[in-house]
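Here's structure26.cif, which has mmCIF, C-alpha atoms and all ligand atoms:
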```
data_upload
#
loop_
_atom_site.label_atom_id
_atom_site.label_comp_id
_atom_site.auth_asym_id
_atom_site.auth_seq_id
_atom_site.Cartn_x
_atom_site.Cartn_y
_atom_site.Cartn_z
CA MET A 1 -144.87 223.74 176.91
CA ALA A 2 -147.42 224.82 174.39
CA VAL A 3 -148.97 224.27 171.01
CA VAL A 4 -147.57 226.67 168.39
CA GLU A 5 -150.03 227.79 165.73
CA LEU A 6 -149.07 229.69 162.60
CA GLN A 7 -152.01 231.07 160.66
CA SER A 8 -151.59 232.45 157.10
CA LEU A 9 -148.08 233.66 157.88
CA SER A 10 -146.38 235.73 155.16
CA LYS A 11 -143.07 237.52 154.84
CA ARG A 12 -141.80 239.23 151.69
CA PHE A 13 -138.36 240.60 150.90
CA GLY A 14 -138.97 243.04 148.04
CA GLU A 15 -140.92 241.20 145.36
CA ALA A 16 -140.08 237.71 146.63
CA ALA A 17 -142.18 235.86 149.21
CA ALA A 18 -139.86 234.07 151.65
CA VAL A 19 -142.86 232.73 153.59
CA ASP A 20 -146.09 232.50 151.64
CA ASP A 21 -149.45 232.09 153.42
CA LEU A 22 -148.09 229.39 155.71
CA THR A 23 -150.50 227.66 158.09
CA LEU A 24 -149.17 225.08 160.48
CA THR A 25 -149.85 223.64 163.94
CA ILE A 26 -147.00 222.26 166.03
CA GLU A 27 -148.41 220.04 168.73
CA HIS A 28 -147.68 220.58 172.38
CA GLY A 29 -144.52 218.68 173.40
CA SER A 30 -143.65 217.52 169.89
CA LEU A 31 -140.48 217.97 167.88
CA CYS A 32 -141.27 219.37 164.45
CA CYS A 33 -138.64 219.65 161.72
CA LEU A 34 -138.93 222.27 159.00
CA LEU A 35 -137.18 220.55 156.12
CA GLY A 36 -136.53 221.82 152.62
CA PRO A 37 -133.92 223.02 150.15
CA SER A 38 -131.88 226.16 150.64
CA GLY A 39 -133.98 229.30 150.31
CA CYS A 40 -137.39 227.65 150.88
CA GLY A 41 -138.12 229.86 153.89
CA LYS A 42 -137.27 227.66 156.88
CA THR A 43 -135.08 230.13 158.74
CA THR A 44 -137.40 233.02 158.00
CA THR A 45 -140.29 231.03 159.51
CA LEU A 46 -138.22 230.31 162.62
CA ARG A 47 -137.18 233.95 163.01
CA LEU A 48 -140.81 235.05 162.71
CA VAL A 49 -141.75 232.63 165.48
CA ALA A 50 -138.82 233.84 167.62
CA GLY A 51 -139.83 237.47 167.07
CA PHE A 52 -136.56 238.56 165.43
CA MET A 53 -138.60 239.89 162.52
CA ASP A 54 -142.24 240.77 162.04
CA PRO A 55 -144.49 239.10 159.46
CA ASP A 56 -146.26 241.07 156.74
CA GLY A 57 -149.40 239.12 157.47
CA GLY A 58 -150.77 236.33 159.61
CA THR A 59 -150.91 235.35 163.24
CA ILE A 60 -148.66 233.37 165.59
CA ARG A 61 -150.13 231.83 168.74
CA VAL A 62 -148.26 229.97 171.47
CA GLY A 63 -150.37 228.06 173.96
CA GLY A 64 -153.42 229.97 172.70
CA ARG A 65 -151.73 233.32 173.46
CA ILE A 66 -151.19 235.62 170.47
CA VAL A 67 -147.51 236.57 170.21
CA SER A 68 -147.78 238.17 166.78
CA GLU A 69 -150.65 239.59 164.75
CA PRO A 70 -150.95 242.49 162.32
CA GLY A 71 -149.94 245.64 164.17
CA ARG A 72 -148.94 243.89 167.41
CA SER A 73 -145.92 241.78 168.20
CA LEU A 74 -144.35 240.61 171.46
CA PRO A 75 -140.56 241.16 171.66
CA PRO A 76 -138.45 237.97 171.64
CA GLU A 77 -137.66 238.09 175.36
CA ARG A 78 -141.37 237.97 176.23
CA ARG A 79 -142.15 234.91 174.11
CA ARG A 80 -140.77 232.31 176.57
CA MET A 81 -138.66 230.74 173.86
CA SER A 82 -135.05 229.59 173.65
CA MET A 83 -133.24 229.60 170.33
CA ILE A 84 -130.06 227.79 169.35
CA PHE A 85 -128.08 229.00 166.36
CA GLN A 86 -125.62 227.26 164.04
CA SER A 87 -122.77 229.02 165.80
CA TYR A 88 -123.86 227.97 169.36
CA ALA A 89 -123.10 231.54 170.53
CA LEU A 90 -121.57 230.49 173.88
CA TRP A 91 -119.93 233.34 175.78
CA PRO A 92 -116.17 232.74 175.50
CA HIS A 93 -115.26 234.41 178.81
CA MET A 94 -117.60 232.24 180.88
CA THR A 95 -117.17 228.62 181.92
CA ILE A 96 -119.72 226.07 180.72
CA ALA A 97 -121.46 226.21 184.11
CA GLY A 98 -121.41 230.03 183.89
CA ASN A 99 -122.93 229.95 180.40
CA VAL A 100 -125.68 227.61 181.51
CA GLU A 101 -126.38 229.59 184.70
CA TYR A 102 -126.56 232.96 182.97
CA GLY A 103 -130.20 232.77 181.86
CA LEU A 104 -131.25 231.82 185.40
CA LYS A 105 -129.43 234.87 186.82
CA LEU A 106 -131.32 237.08 184.37
CA ARG A 107 -134.53 235.57 185.69
CA ARG A 108 -133.36 236.38 189.25
CA LEU A 109 -133.59 232.86 190.59
CA ASP A 110 -131.90 232.43 193.97
CA ARG A 111 -128.50 230.85 194.15
CA ALA A 112 -129.53 227.46 195.56
CA GLU A 113 -132.17 227.01 192.85
CA ARG A 114 -129.69 228.07 190.15
CA GLU A 115 -127.12 225.57 191.36
CA ARG A 116 -129.68 222.79 191.53
CA ARG A 117 -130.95 223.41 187.99
CA VAL A 118 -127.48 223.84 186.48
CA ALA A 119 -126.24 220.60 188.08
CA ALA A 120 -129.30 218.71 186.83
CA ILE A 121 -129.06 219.88 183.23
CA LEU A 122 -125.28 219.39 183.07
CA ASP A 123 -125.83 215.85 184.24
CA VAL A 124 -128.47 215.13 181.58
CA ALA A 125 -126.26 216.69 178.88
CA HIS A 126 -123.24 214.63 180.07
CA LEU A 127 -121.28 217.81 180.81
CA THR A 128 -120.71 217.58 184.59
CA GLU A 129 -117.01 216.79 184.19
CA LEU A 130 -116.57 219.76 181.84
CA ALA A 131 -118.46 222.36 183.89
CA ARG A 132 -115.35 224.39 184.80
CA ARG A 133 -113.92 224.50 181.30
CA TYR A 134 -114.26 227.41 178.87
CA PRO A 135 -115.95 226.97 175.47
CA HIS A 136 -112.66 226.94 173.54
CA GLU A 137 -111.56 223.95 175.66
CA LEU A 138 -114.48 221.87 174.36
CA SER A 139 -114.99 219.90 171.13
CA GLY A 140 -117.70 220.98 168.68
CA GLY A 141 -120.11 218.32 169.91
CA GLN A 142 -119.52 219.27 173.56
CA GLN A 143 -120.09 222.95 172.73
CA GLN A 144 -123.31 222.00 170.99
CA ARG A 145 -124.47 220.08 174.07
CA ALA A 146 -123.57 223.10 176.22
CA ALA A 147 -125.68 225.33 173.95
CA LEU A 148 -128.56 222.87 174.31
CA ALA A 149 -128.15 222.79 178.09
CA ARG A 150 -128.15 226.59 178.24
CA ALA A 151 -131.33 226.73 176.17
CA LEU A 152 -133.12 224.03 178.15
CA VAL A 153 -132.22 225.18 181.67
CA VAL A 154 -134.56 228.17 181.53
CA GLU A 155 -137.47 225.80 180.87
CA PRO A 156 -138.75 227.54 177.75
CA GLU A 157 -142.26 227.02 176.46
CA THR A 158 -140.80 226.57 173.00
CA LEU A 159 -137.35 225.56 171.80
CA LEU A 160 -136.16 226.79 168.39
CA LEU A 161 -133.17 225.18 166.66
CA ASP A 162 -131.66 226.61 163.49
CA GLU A 163 -129.46 224.02 161.72
CA PRO A 164 -127.87 223.21 165.09
CA LEU A 165 -125.54 220.50 163.75
CA SER A 166 -124.26 222.10 160.59
CA ASN A 167 -120.87 223.00 162.06
CA LEU A 168 -120.07 219.46 163.14
CA ASP A 169 -118.30 216.78 161.15
CA ALA A 170 -120.35 213.92 159.69
CA ASN A 171 -119.78 211.35 162.46
CA LEU A 172 -120.49 213.76 165.26
CA ARG A 173 -123.56 215.07 163.48
CA GLU A 174 -124.97 211.59 163.38
CA GLU A 175 -124.31 211.06 167.09
CA MET A 176 -125.77 214.46 168.05
CA ARG A 177 -129.05 213.74 166.24
CA PHE A 178 -129.71 210.99 168.77
CA GLU A 179 -128.56 213.28 171.58
CA ILE A 180 -131.07 215.96 170.58
CA ARG A 181 -133.81 213.35 170.42
CA ARG A 182 -132.79 211.99 173.84
CA LEU A 183 -132.92 215.46 175.40
CA HIS A 184 -136.27 216.06 173.75
CA ASP A 185 -137.62 212.81 175.18
CA THR A 186 -136.43 213.91 178.63
CA TYR A 187 -137.93 217.41 178.60
CA LYS A 188 -140.62 217.35 175.87
CA TYR A 189 -140.46 221.05 175.09
CA THR A 190 -142.39 221.98 171.96
CA THR A 191 -139.52 222.21 169.50
CA ILE A 192 -139.15 223.64 166.00
CA TYR A 193 -136.02 222.37 164.32
CA VAL A 194 -134.81 223.78 160.99
CA THR A 195 -132.67 221.57 158.77
CA HIS A 196 -132.05 220.79 155.12
CA ASP A 197 -130.73 217.33 156.01
CA GLN A 198 -133.37 214.64 155.61
CA ALA A 199 -131.58 212.02 157.72
CA GLU A 200 -131.35 214.55 160.56
CA ALA A 201 -135.07 215.27 160.26
CA MET A 202 -136.01 211.60 160.10
CA THR A 203 -133.94 210.73 163.18
CA THR A 204 -135.13 213.56 165.39
CA ALA A 205 -138.66 214.54 164.38
CA ASP A 206 -142.13 213.52 165.46
CA THR A 207 -143.44 215.55 162.54
CA ILE A 208 -141.69 216.70 159.38
CA VAL A 209 -142.91 219.76 157.49
CA VAL A 210 -141.50 219.71 153.96
CA MET A 211 -141.29 223.28 152.66
CA ASN A 212 -140.90 224.55 149.12
CA LEU A 213 -140.94 228.18 147.92
CA GLY A 214 -142.19 229.52 151.24
CA ARG A 215 -145.08 227.09 151.42
CA VAL A 216 -145.89 223.83 153.14
CA GLU A 217 -145.57 220.98 150.65
CA GLN A 218 -146.50 218.11 153.01
CA VAL A 219 -146.77 217.46 156.76
CA GLY A 220 -146.45 214.02 158.34
CA SER A 221 -144.46 211.60 160.42
CA PRO A 222 -141.06 210.60 158.97
CA GLU A 223 -142.57 207.30 157.82
CA ASP A 224 -145.55 209.04 156.26
CA ILE A 225 -143.39 211.47 154.33
CA TYR A 226 -141.09 208.72 153.07
CA GLN A 227 -143.70 206.06 152.33
CA ARG A 228 -146.50 208.27 151.14
CA PRO A 229 -145.11 211.36 149.37
CA ARG A 230 -147.94 213.31 147.75
CA SER A 231 -145.92 215.29 145.24
CA GLU A 232 -142.97 214.84 142.95
CA PHE A 233 -141.09 217.44 144.97
CA VAL A 234 -141.46 215.47 148.23
CA ALA A 235 -140.70 212.10 146.59
CA ARG A 236 -137.49 213.46 145.08
CA PHE A 237 -136.41 215.45 148.13
CA ILE A 238 -136.99 212.66 150.65
CA GLY A 239 -135.13 209.49 149.84
CA GLY A 240 -134.66 209.90 146.10
CA THR A 241 -136.85 208.19 143.55
CA ASN A 242 -137.57 207.55 139.86
CA ILE A 243 -140.34 209.68 138.42
CA PHE A 244 -142.15 208.37 135.34
CA ARG A 245 -144.47 210.72 133.50
CA GLY A 246 -147.42 209.21 131.75
CA ARG A 247 -151.04 209.17 130.73
CA ARG A 248 -153.77 207.36 132.58
CA ILE A 249 -155.26 204.60 130.43
CA GLY A 250 -158.00 203.47 132.75
CA GLY A 251 -158.20 202.11 136.27
CA ASP A 252 -154.87 202.31 137.96
CA LEU A 253 -152.82 201.88 134.74
CA VAL A 254 -150.47 204.61 133.57
CA ASP A 255 -148.78 204.49 130.14
CA CYS A 256 -145.24 205.82 130.56
CA GLY A 257 -143.84 204.96 127.11
CA ALA A 258 -141.66 201.85 127.22
CA LEU A 259 -143.29 201.03 130.49
CA VAL A 260 -146.90 200.63 131.63
CA LEU A 261 -147.31 200.88 135.38
CA ARG A 262 -150.17 199.56 137.46
CA CYS A 263 -150.14 201.82 140.48
CA GLY A 264 -151.16 200.12 143.68
CA ALA A 265 -150.58 203.22 145.78
CA GLY A 266 -150.94 206.99 145.81
CA GLU A 267 -153.41 209.43 144.38
CA PRO A 268 -153.08 210.28 140.70
CA ALA A 269 -153.20 213.90 139.56
CA ALA A 270 -156.66 215.19 138.66
CA GLY A 271 -156.04 215.34 134.87
CA GLU A 272 -155.10 212.66 132.37
CA GLU A 273 -151.38 213.30 132.75
CA THR A 274 -149.86 211.98 135.93
CA ALA A 275 -146.51 211.09 137.43
CA VAL A 276 -145.53 207.85 139.15
CA SER A 277 -142.82 207.49 141.77
CA VAL A 278 -140.89 204.22 142.23
CA ARG A 279 -138.05 204.11 144.77
CA LEU A 280 -134.66 202.77 143.66
CA HIS A 281 -134.67 199.78 146.00
CA ASP A 282 -138.24 198.75 145.15
CA ILE A 283 -137.41 197.84 141.55
CA ALA A 284 -136.35 194.21 141.14
CA PHE A 285 -134.02 192.54 138.65
CA VAL A 286 -135.72 189.35 137.40
CA GLU A 287 -134.75 186.33 135.34
CA GLY A 288 -136.28 185.47 131.97
CA ASP A 289 -137.56 187.37 128.94
CA VAL A 290 -139.71 190.45 128.87
CA ALA A 291 -142.31 191.00 126.15
CA THR A 292 -141.89 194.36 124.41
CA GLY A 293 -143.89 196.66 122.08
CA ALA A 294 -147.59 195.82 121.79
CA ASP A 295 -147.15 192.69 123.91
CA ARG A 296 -145.57 194.43 126.83
CA GLN A 297 -146.91 193.53 130.25
CA PRO A 298 -147.62 196.08 132.97
CA ASN A 299 -144.85 196.65 135.50
CA GLU A 300 -142.11 194.94 133.48
CA ALA A 301 -139.44 196.26 131.15
CA ALA A 302 -136.15 195.38 129.54
CA ALA A 303 -133.27 197.81 130.02
CA ARG A 304 -129.61 198.19 129.18
CA VAL A 305 -127.02 198.96 131.88
CA VAL A 306 -125.54 202.43 131.40
CA ARG A 307 -123.53 202.64 134.59
CA GLN A 308 -122.95 200.47 137.62
CA ALA A 309 -121.24 201.32 140.90
CA TYR A 310 -120.19 199.03 143.75
CA LEU A 311 -121.18 200.71 147.02
CA GLY A 312 -120.06 198.19 149.62
CA SER A 313 -123.39 196.70 150.69
CA TYR A 314 -125.24 197.08 147.36
CA ARG A 315 -124.80 198.06 143.72
CA ASP A 316 -126.19 201.24 142.24
CA TYR A 317 -127.34 200.90 138.61
CA LEU A 318 -128.32 203.42 135.98
CA VAL A 319 -130.18 201.64 133.19
CA ALA A 320 -131.93 202.84 130.01
CA LEU A 321 -135.35 201.57 128.92
CA GLU A 322 -136.10 200.89 125.23
CA ASP A 323 -137.27 204.45 124.67
CA GLY A 324 -134.19 205.93 126.32
CA GLN A 325 -135.77 206.80 129.71
CA GLN A 326 -133.16 206.35 132.41
CA VAL A 327 -133.92 204.55 135.65
CA ARG A 328 -131.88 204.22 138.83
CA VAL A 329 -132.06 200.90 140.62
CA THR A 330 -130.21 199.50 143.61
CA ALA A 331 -129.54 195.78 143.71
CA PRO A 332 -127.89 193.21 145.98
CA LEU A 333 -124.15 192.66 145.42
CA GLY A 334 -124.86 189.30 143.77
CA VAL A 335 -126.59 191.04 140.85
CA ASN A 336 -123.51 191.98 138.85
CA VAL A 337 -124.32 192.95 135.25
CA PRO A 338 -121.66 194.81 133.25
CA VAL A 339 -122.24 198.05 131.37
CA GLY A 340 -124.04 197.29 128.11
CA GLY A 341 -125.71 194.13 129.49
CA VAL A 342 -129.48 193.70 129.15
CA VAL A 343 -131.54 193.29 132.31
CA ARG A 344 -135.19 192.64 133.03
CA LEU A 345 -136.89 194.79 135.59
CA ARG A 346 -140.06 194.42 137.60
CA PHE A 347 -141.82 197.37 139.18
CA PRO A 348 -144.09 195.90 141.91
CA PRO A 349 -147.50 197.64 141.73
CA GLU A 350 -147.61 198.13 145.49
CA HIS A 351 -144.46 200.28 145.18
CA CYS A 352 -145.67 202.29 142.17
CA ARG A 353 -147.10 205.44 143.63
CA ALA A 354 -149.22 207.81 141.54
CA LEU A 355 -148.63 211.41 142.57
CA ALA A 356 -151.26 214.03 143.20
CA SER A 357 -149.15 216.87 141.76
P1 LIG A 401 -131.10 227.95 154.05
O1 LIG A 401 -131.31 226.47 154.25
O2 LIG A 401 -130.15 228.23 152.92
O3 LIG A 401 -130.77 228.68 155.30
P2 LIG A 401 -133.89 228.75 154.23
O4 LIG A 401 -134.88 227.73 153.76
O5 LIG A 401 -133.70 228.87 155.68
O6 LIG A 401 -132.50 228.54 153.49
P3 LIG A 401 -134.50 231.55 154.27
O7 LIG A 401 -133.20 231.95 154.90
O8 LIG A 401 -135.71 231.60 155.11
O9 LIG A 401 -134.36 230.12 153.60
O10 LIG A 401 -134.71 232.48 153.00
C1 LIG A 401 -135.88 232.41 152.19
C2 LIG A 401 -135.75 233.43 151.05
O11 LIG A 401 -135.76 234.75 151.57
C3 LIG A 401 -134.45 233.29 150.27
O12 LIG A 401 -134.72 233.53 148.91
C4 LIG A 401 -133.59 234.39 150.84
O13 LIG A 401 -132.65 234.86 149.89
C5 LIG A 401 -134.59 235.45 151.21
N1 LIG A 401 -134.17 236.24 152.38
C6 LIG A 401 -133.97 235.78 153.64
N2 LIG A 401 -133.61 236.77 154.49
C7 LIG A 401 -133.56 237.91 153.73
C8 LIG A 401 -133.26 239.27 154.01
N3 LIG A 401 -132.95 239.68 155.25
N4 LIG A 401 -133.31 240.15 152.98
C9 LIG A 401 -133.66 239.75 151.73
N5 LIG A 401 -133.96 238.48 151.40
C10 LIG A 401 -133.91 237.56 152.38
#
```
Final structure tokens representation of the file:
Amino acid sequence: MAVVELQSLSKRFGEAAAVDDLTLTIEHGSLCCLLGPSGCGKTTTLRLVAGFMDPDGGTIRVGGRIVSEPGRSLPPERRRMSMIFQSYALWPHMTIAGNVEYGLKLRRLDRAERERRVAAILDVAHLTELARRYPHELSGGQQQRAALARALVVEPETLLLDEPLSNLDANLREEMRFEIRRLHDTYKYTTIYVTHDQAEAMTTADTIVVMNLGRVEQVGSPEDIYQRPRSEFVARFIGGTNIFRGRRIGGDLVDCGALVLRCGAGEPAAGEETAVSVRLHDIAFVEGDVATGADRQPNEAAARVVRQAYLGSYRDYLVALEDGQQVRVTAPLGVNVPVGGVVRLRFPPEHCRALAS
């Protein structure tokens, strides 16, 4: 186990920077998710750490030991890492026990020690009953657990996971998130986990690194990233939100057209123009009239329902403010206003978050 430190890491493909001056520390024994949209550089970062490609610039240290720096790079097999790919890459001609044992044979461990370690990891991964089967005789989730067992049995310093659940169906994916977290809690290997799925990141990670255009956008715990996004990109990418653009008119007030928002949270952008994020479920439908025009009150607005959808446990509304700005709001089932109906909305200041960029 070891702390992984990336310092000013860069990788270009032609003109485009896939990883752009990325600096990041992944704490010893923690599970860190690299999360971001397709093409933001997650997999490239992971491959640089694994040693499958060399960076154009920057340094990678594992446990204080330099594994990559300009002009010098350790090959993957000397980095004490295990990597799991989307495809699992189990050897089809070997049983599950054989697959798991293989890495220990390469390391020339004696037979008794190999058997002991294989039995222990198969037990933890709930695979003991399936040890004599071949990969094609296993379900996708079982194959994924076998791939995890094979990666863990060699006791790597660092575990690298590249979208490990993307080949599984939705139900199994959900179950396997908890499984990965359970195995992490058992072994505590420093883990870097690449995903574009925010629920997967929030379930498994100690720390989420949100990436955008090859750079780090924000680093924090799942709660931090969700509750305290610093940029419009993070607020939109994690959890979905309404973004209102406006002008600061003193104190914590932002004029957003039909709506003036007192922002009880966040850090406004440096200039006069700023953006405010308000989550869908934080906006409330209220009874009574709303003053408009010059008499309007902060954090209140009238709106007309444009669209409404019943989603089982709540309703999802799209409403338009007086000036045409559209807002998405979720409401309890009891709030049932037809399309065209007028509603009154309240935007609680403590949930109005001014964004730094
Ligand atoms: P995804 O979630 O779709 O896998 P990602 O965030 O992992 O995306 P990367 O695979 O790291 O993104 O790619 C980052 C950028 O680098 C993309 O624009 C991609 O097209 C480009 N890229 C990646 N590998 C290569 C390559 N071998 N040659 C040229 N361009 C590449």
query: Which distance in Å separates atom CA of Ala320 of chain A and atom CA of Ile249 of chain A, to one decimal?
result: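 Interatomic distance, atom CA of Ala320 of chain A to atom CA of Ile249 of chain A: 23.4 Å.
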field: Interatomic distance, atom CA of Asn212 of chain A to atom CA of Ser68 of chain A (Å, one decimal)
entry: 23.3 Å
message: Here's a test: counting all atoms listed in the file, identify every protein, DNA and RNA residue with an atom at most 6 Å from (-137.3, 236.6, 169.0) in the file's coordinate frame, and state them as a PyMOL selection string.
response: chain A and resi 50-52+76
message: Would you compute the distance between atom CA of Gly271 of chain A and atom CA of Arg353 of chain A? Give it in Å to one decimal.
response: 16.0 Å
Would you write out, as CSV, a table of all residues in chain A that have an atom no more than 9 Å from an atom of ligand LIG 401 (chain A), listing for each the closest atom pair and the distance in Å to one decimal, considering all atoms listed in the file and ordering rows by chain and rising residue number?
```
residue,atom,partner,partner_atom,distance
A:Lys11,CA,A:LIG401,O11,8.5
A:Arg12,CA,A:LIG401,O11,7.5
A:Phe13,CA,A:LIG401,C9,4.8
A:Gly14,CA,A:LIG401,C9,7.3
A:Ala16,CA,A:LIG401,O12,7.2
A:Ala17,CA,A:LIG401,O11,6.9
A:Ala18,CA,A:LIG401,O11,4.2
A:Val19,CA,A:LIG401,C1,7.1
A:Leu34,CA,A:LIG401,O4,8.6
A:Leu35,CA,A:LIG401,O4,7.9
A:Gly36,CA,A:LIG401,O4,6.2
A:Pro37,CA,A:LIG401,O1,6.0
A:Ser38,CA,A:LIG401,O2,3.5
A:Gly39,CA,A:LIG401,O9,3.4
A:Cys40,CA,A:LIG401,O4,3.8
A:Gly41,CA,A:LIG401,O8,3.2
A:Lys42,CA,A:LIG401,O4,3.9
A:Thr43,CA,A:LIG401,O5,3.6
A:Thr44,CA,A:LIG401,O8,3.6
A:Thr45,CA,A:LIG401,O8,6.4
A:Leu46,CA,A:LIG401,O8,8.0
A:Arg47,CA,A:LIG401,O8,8.4
A:Asp162,CA,A:LIG401,O5,8.4
A:Glu163,CA,A:LIG401,O3,8.0
A:Val194,CA,A:LIG401,O5,7.4
A:Thr195,CA,A:LIG401,O1,6.8
A:His196,CA,A:LIG401,O1,5.8
A:Met211,CA,A:LIG401,O4,7.9
A:Asn212,CA,A:LIG401,O4,8.2
A:Leu213,CA,A:LIG401,C1,7.9
A:Gly214,CA,A:LIG401,C1,7.0
```
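Within 10 Å of Arg79 of chain A, once all atoms listed in the file are used and residues closer than 4 positions along the same chain are dropped, the contacting residues are Val49, Ala50, Gly51, Val62, Arg65, Ile66, Val67, Ser68, Ser73, Leu74, Pro75, Pro156, Glu157 and Thr158 of chain A.
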Nearest to Asp169 of chain A by atom-to-atom distance, counting all atoms listed in the file, from A:Val286, A:Ala149, A:Ser139, A:Gly334: A:Ser139
query: Within 6 Å of Tyr317 of chain A, counting only C-alpha atoms, which residues qualify if same-chain residues fewer than 4 places away don't, as a ChimeraX atom specification?
result: /A:307-308,328-330
